[in-house]
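The structure appears right after this line, and notes come after that.
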Amino acid sequence: MERHLGRMLRDAAAEHAARVATRARRGNGWVTKSYARLGHEVDAIARVLVDRGVEPGDRVAVFAVNRPEWSVADFGILTAGAVSVPIYQTSTVDQVRYVLDHAGVTVAFVGGQHEVDHLLSAAGESVRLVVAFDPVTSTDPRVVQLDSLLSDPPSRASAEEIERRLAAGQPEDLASIVYTSGTTADPKGVMLSHGGFVDQIDSLSQFFDITPNDHSLCFLPLAHSFERAWTFCVFANGCLNTSCADPKTVGEVLPIVRPTLLCTVPRLLEKVYSVAHSNAAASPVKQRVFSWALSVGAKVQRTHQRGKRPGAVRNGQLALADRLVLHKIRDAIGGPKNVLACGGAPLRKEIEEFFSAAGVLVCQGYGLTEASPLVTFNSPRGFRFGSTGRVMPGGTVAISDKGEVRYQGPNLMLGYWRDEAASAEVLVDGWLRTGDIGHVDSDGYLHITDRIKDVIVTSGGKNIAPTPIEQALMADPLFEQAILVGDRRPFVTLLVKPSLPDLEALGAKLQLTWQHATELAGHPSVVDEIKKRVAAVSDLRPKHEQIKDLRLLLEEFTLDSGLVTPTLKVKRSEVERRFAALIEDMYAKVTAGGSKG
């Protein structure tokens with residue numbers, strides 16, 4: 001495969017010219033774009049950038065929600081030999097300002113009025129052109145509409161210059177600077193190459209049978225390396241990519257779009273798992289049927305995994321189980337999947353087994369932006385539940401003496417933009433220090449235990465990995481989020497965010513009355529039940545890991561609330577900062593003997 005992203009897109013546009021490349025919701029209908037049209041618009045944007053003085057290596061930002069224009073601009077930038085700098089659509093003005101200034105952005109593509117207002121508030125004189133995808137109102141002369149810009153015929157010289165730049169492009173050229181979330185310090189600009197992205201596409205093609213007949217739903221932020229790298233793979237294979245502008249609506253969109261390819265994060269799968277179990281718990285009969293159907297599905301899958309075929313009786317049971325339960329699980333994620341990849345945070349083993357029983361293989365993987373982002377992945381040709389899979393072809397994983405996962409491979413970053421000290425700290429002798437703790441089993445599957453920075457060290461010097469405990473707690477559908485607290489403290493406590501539907505179901509079961517969820521969450525009977533469920537997990541742990549007390553949180557963990565990352569991973573430091581008073585009160589009362597958990 002072509003190892004320069006601009007040339008790769010051009011090849012795909014030529015090979016799949018008549019096929020539909022992109023699709024987006026507009027009102028009650030869909031707007032589609034063919035591969036031929038996609039290729040034409042990419043070239044047009046590249047030529048405009050050349051005419052506007054963008055030189056190879058110049059940084060050009062993309063600041064918008066997921067939409068086809070995002071990728072068109074992205075490929076246009078790469079085709080012009082420039083460097084694409086994505087900005088999260090949820091970024092504040094200060095965050096936008098930092099990226100623009102630090103990367104030295106000269107041109108920016110933006111979505112609509114919201115992004116234009118934020119960008120103009122943040123932009124200095126170095127930003128000389130702002131291209132809006134949607135009609136916007138602005139008196140700033142730098143702001144132009146994309147349609148207007150493309151309506152002006154490009155110069156003849158720009159076409160020749162684009163061909164020259166594409167021909168000169170090398171796999172090791174800088175393609176993109178992707179800024180990390182920066183929850184505890186200024187974000188770092190991760191420099192990723194053309195070849196690093198393409199090598200991952202080649203790796204995936206060895207393990208997954210992706211064809212032009214497949215179609216993907218793009219709902220994770222394109223500014224994040226996970227969805228971005230996957231989108232490159234989708235286009236390289238001539239597939240259809242449907243944009244979902246608002247990730248909050250993905251549950252509604254999936255049954256409509258029914259994609260055969262999907263990259264997701266654990267939160268979506270956890271919700272399906274939780275809702276299914278809650279619905280089954282509505283009556284003893286439903287619960288028995290539900291458990292039986294999952295048992296049948298699991299037995300059939302284990303038979304297949306042994307290379308055998310189920311007998312006639314088992315197939316008959318499967319047909320009934322599928323009709324009663326299993327097809328509903330698949331429908332909740334938009335039907336069968338040729339690829340269902342999950343990353344961004346650990347996925348519980350019981351959720352993998354749950355979807356497997358329904359006939360859907362969740363291929364959990366592991367990566368980080370500094371690896372473009374793929375390190376290890378499970379696949380139909382080799383998977384182990386509870387692991388993040390085997391290392392990608394051409395890569396090597398090693399475990400340090402302290403248990404840190406280190407990675408070496410063709411998709412490693414080139415370093416951090418304008419930060420040699422930080423680059424030298426994480427890139428040591430060609431190895432990437434990931435900051436994650438894990439181990440590789442005898443069959444080569446990587447198991448991630450926790451983040452080094454997340455490990456709790458109590459005031460008594462005991463080390464506690466919070467993730468396994470939190471995952472055990474969240475196996476209960478009542479617990480939507482569980483955050484262990486205890487670093488530099490004498491014992492461990494818990495902040496727990498309950499699922500509101502399950503909380504209300506618990507209230508009804510306890511025959512309580514309430515007007516608002518706050519009343520329910522504070523009711524002694526509810527708190528006692530939650531403590532019992534926590535104790536059922538906690539009491540099985542060593543004494544220093546046992547939870548002494550807890551507090552309930554009702555605030556939603558969303559991007560808007562600032563409590564999770566773009567891949568919906570909990571920002572521990574922000575949670576502890578936000579609820580510092582609650583935490584201090586909890587410790588004070590336990591210490592005073594007011595609560596023994």
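Residue numbering restarts at 1 for every chain of the structure tokens, chains are lettered A, B, ... in their displayed order, and ligands are numbered from 1 as they appear.
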
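Residues of region 144-293 of chain A assigned to strand (DSSP E or B) by DSSP on this structure's backbone: Val144, Gln145, Leu174, Ala175, Ser176, Ile177, Val178, Tyr179, Gly189, Val190, Met191, Leu192, Ser193, His215, Ser216, Leu217, Cys218, Leu240, Asn241, Thr242, Ser243, Leu261, Leu262, Cys263 and Thr264 of chain A.
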
Please build the interface table for region 545-588 of chain A against region 462-473 of chain A with a cut-off of 10 Å, listing for each qualifying residue the nearest atom pair and the distance in Å to one decimal; count only C-alpha atoms, order rows by chain and increasing number, and write it as a Markdown table.
| residue | atom | partner | partner_atom | distance |
| --- | --- | --- | --- | --- |
| A:Glu545 | CA | A:Ile464 | CA | 6.6 |
| A:Gln546 | CA | A:Ile469 | CA | 9.6 |
| A:Ile547 | CA | A:Ile469 | CA | 9.9 |

Margin query: Give me the residues near Val526 (chain A) as a PyMOL selection string, where near means some atom within 10 Å (using only C-alpha atoms) and where sequence neighbours in that chain fewer than 4 positions away do not count.
Written below: chain A and resi 503-504+506-507+510+512+519-522+530-532

Just all heavy atoms for this one: save the residues we selected as an mmCIF file, in the first residue's frame.
data_model
loop_
_atom_site.group_PDB
_atom_site.id
_atom_site.type_symbol
_atom_site.label_atom_id
_atom_site.label_comp_id
_atom_site.auth_asym_id
_atom_site.auth_seq_id
_atom_site.Cartn_x
_atom_site.Cartn_y
_atom_site.Cartn_z
ATOM 1 N N LEU A 503 -30.894 3.315 39.761
ATOM 2 C CA LEU A 503 -31.123 3.886 41.090
ATOM 3 C C LEU A 503 -32.622 3.996 41.366
ATOM 4 O O LEU A 503 -33.093 3.660 42.467
ATOM 5 C CB LEU A 503 -30.457 5.259 41.189
ATOM 6 C CG LEU A 503 -30.525 5.972 42.544
ATOM 7 C CD1 LEU A 503 -29.752 5.180 43.603
ATOM 8 C CD2 LEU A 503 -29.981 7.396 42.428
ATOM 9 N N GLU A 504 -33.368 4.442 40.365
ATOM 10 C CA GLU A 504 -34.821 4.539 40.524
ATOM 11 C C GLU A 504 -35.462 3.154 40.657
ATOM 12 O O GLU A 504 -36.417 2.964 41.428
ATOM 13 C CB GLU A 504 -35.415 5.303 39.343
ATOM 14 C CG GLU A 504 -35.035 6.783 39.342
ATOM 15 C CD GLU A 504 -35.541 7.519 38.125
ATOM 16 O OE1 GLU A 504 -36.008 6.856 37.179
ATOM 17 O OE2 GLU A 504 -35.467 8.767 38.118
ATOM 18 N N LEU A 506 -34.036 0.624 42.022
ATOM 19 C CA LEU A 506 -33.731 0.214 43.388
ATOM 20 C C LEU A 506 -34.689 0.885 44.369
ATOM 21 O O LEU A 506 -35.193 0.246 45.306
ATOM 22 C CB LEU A 506 -32.285 0.564 43.730
ATOM 23 C CG LEU A 506 -31.847 0.308 45.174
ATOM 24 C CD1 LEU A 506 -31.990 -1.171 45.522
ATOM 25 C CD2 LEU A 506 -30.398 0.770 45.382
ATOM 26 N N GLY A 507 -34.960 2.185 44.144
ATOM 27 C CA GLY A 507 -35.895 2.897 45.005
ATOM 28 C C GLY A 507 -37.278 2.277 44.981
ATOM 29 O O GLY A 507 -37.935 2.129 46.023
ATOM 30 N N LEU A 510 -37.326 -0.925 46.915
ATOM 31 C CA LEU A 510 -37.321 -0.677 48.356
ATOM 32 C C LEU A 510 -38.598 0.031 48.811
ATOM 33 O O LEU A 510 -38.718 0.386 49.984
ATOM 34 C CB LEU A 510 -36.093 0.169 48.735
ATOM 35 C CG LEU A 510 -34.722 -0.483 48.512
ATOM 36 C CD1 LEU A 510 -33.602 0.512 48.751
ATOM 37 C CD2 LEU A 510 -34.560 -1.705 49.417
ATOM 38 N N LEU A 512 -39.767 3.050 48.123
ATOM 39 C CA LEU A 512 -39.539 4.420 48.578
ATOM 40 C C LEU A 512 -40.322 5.394 47.716
ATOM 41 O O LEU A 512 -40.759 5.055 46.599
ATOM 42 C CB LEU A 512 -38.046 4.754 48.503
ATOM 43 C CG LEU A 512 -37.091 3.812 49.256
ATOM 44 C CD1 LEU A 512 -35.653 4.255 49.035
ATOM 45 C CD2 LEU A 512 -37.419 3.781 50.739
ATOM 46 N N GLU A 519 -32.904 13.112 46.571
ATOM 47 C CA GLU A 519 -33.578 12.536 47.742
ATOM 48 C C GLU A 519 -33.338 11.035 47.795
ATOM 49 O O GLU A 519 -33.070 10.458 48.857
ATOM 50 C CB GLU A 519 -35.088 12.804 47.674
ATOM 51 C CG GLU A 519 -35.471 14.271 47.593
ATOM 52 C CD GLU A 519 -36.956 14.419 47.288
ATOM 53 O OE1 GLU A 519 -37.761 13.639 47.812
ATOM 54 O OE2 GLU A 519 -37.298 15.305 46.491
ATOM 55 N N LEU A 520 -33.417 10.412 46.632
ATOM 56 C CA LEU A 520 -33.241 8.967 46.557
ATOM 57 C C LEU A 520 -31.812 8.578 46.919
ATOM 58 O O LEU A 520 -31.580 7.632 47.683
ATOM 59 C CB LEU A 520 -33.588 8.494 45.148
ATOM 60 C CG LEU A 520 -33.780 6.991 44.931
ATOM 61 C CD1 LEU A 520 -34.854 6.442 45.852
ATOM 62 C CD2 LEU A 520 -34.149 6.735 43.469
ATOM 63 N N ALA A 521 -30.840 9.323 46.368
ATOM 64 C CA ALA A 521 -29.433 9.007 46.614
ATOM 65 C C ALA A 521 -29.058 9.183 48.078
ATOM 66 O O ALA A 521 -28.126 8.529 48.569
ATOM 67 C CB ALA A 521 -28.542 9.880 45.734
ATOM 68 N N GLY A 522 -29.774 10.060 48.770
ATOM 69 C CA GLY A 522 -29.461 10.303 50.173
ATOM 70 C C GLY A 522 -30.266 9.476 51.138
ATOM 71 O O GLY A 522 -30.072 9.570 52.365
ATOM 72 N N ILE A 530 -26.258 0.202 48.674
ATOM 73 C CA ILE A 530 -25.052 0.451 47.876
ATOM 74 C C ILE A 530 -23.812 0.012 48.655
ATOM 75 O O ILE A 530 -22.899 -0.609 48.100
ATOM 76 C CB ILE A 530 -24.975 1.937 47.478
ATOM 77 C CG1 ILE A 530 -26.042 2.233 46.415
ATOM 78 C CG2 ILE A 530 -23.586 2.296 46.955
ATOM 79 C CD1 ILE A 530 -26.132 3.678 46.008
ATOM 80 N N LYS A 531 -23.791 0.293 49.955
ATOM 81 C CA LYS A 531 -22.642 -0.121 50.765
ATOM 82 C C LYS A 531 -22.529 -1.646 50.835
ATOM 83 O O LYS A 531 -21.426 -2.196 50.836
ATOM 84 C CB LYS A 531 -22.751 0.475 52.173
ATOM 85 C CG LYS A 531 -22.446 1.972 52.220
ATOM 86 C CD LYS A 531 -22.375 2.491 53.643
ATOM 87 C CE LYS A 531 -21.932 3.951 53.658
ATOM 88 N NZ LYS A 531 -21.776 4.478 55.028
ATOM 89 N N LYS A 532 -23.652 -2.329 50.869
ATOM 90 C CA LYS A 532 -23.627 -3.785 50.869
ATOM 91 C C LYS A 532 -23.016 -4.312 49.569
ATOM 92 O O LYS A 532 -22.223 -5.255 49.578
ATOM 93 C CB LYS A 532 -25.044 -4.344 51.039
ATOM 94 C CG LYS A 532 -25.624 -4.199 52.444
ATOM 95 C CD LYS A 532 -27.045 -4.746 52.490
ATOM 96 C CE LYS A 532 -27.680 -4.524 53.849
ATOM 97 N NZ LYS A 532 -29.103 -4.991 53.870
#

Check: Within 12 Å of region 161-164 of chain A, counting only C-alpha atoms, which residues qualify if same-chain residues fewer than 5 places away don't, as a list in words?
Finding: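 Final neighbour list, sorted by chain and number: Gly6, Arg7, Arg10, Val42, Asp43, Ala44, Ile45, Ala46, Arg47, Val48, Leu49, Val50, Asp51, Gly53, Val54, Glu55, Pro56, Gly76, Ile77, Leu78, Thr79, Ala80, Gly81, Ala82, Pro154, Ser155, Arg156 and Gly169 of chain A.
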
Item checked: Non-local contacts of Val426 (chain A) (12 Å; only C-alpha atoms; under 4 positions in same chain excluded) as JSON, numbers by chain -> {"A": [190, 370, 371, 404, 405, 406, 407, 408, 412, 413, 414, 415, 416, 419, 420, 421, 422, 430, 431, 432, 433, 434, 435]}

Closest-contact table, region 354-461 of chain A side, partner region 279-295 of chain A, 9 Å, counting only C-alpha atoms, as JSON lines:
{"residue": "A:Phe354", "atom": "CA", "partner": "A:Leu294", "partner_atom": "CA", "distance": 7.2}
{"residue": "A:Ala357", "atom": "CA", "partner": "A:Leu294", "partner_atom": "CA", "distance": 5.6}
{"residue": "A:Ala358", "atom": "CA", "partner": "A:Leu294", "partner_atom": "CA", "distance": 7.1}

Check: Restricting the calculation to only C-alpha atoms, which member of A:Pro393, A:Gly311, A:Gly238, A:Leu494 is positioned closest to Gln206 (chain A)?
Finding: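 Closest candidate: A:Pro393.
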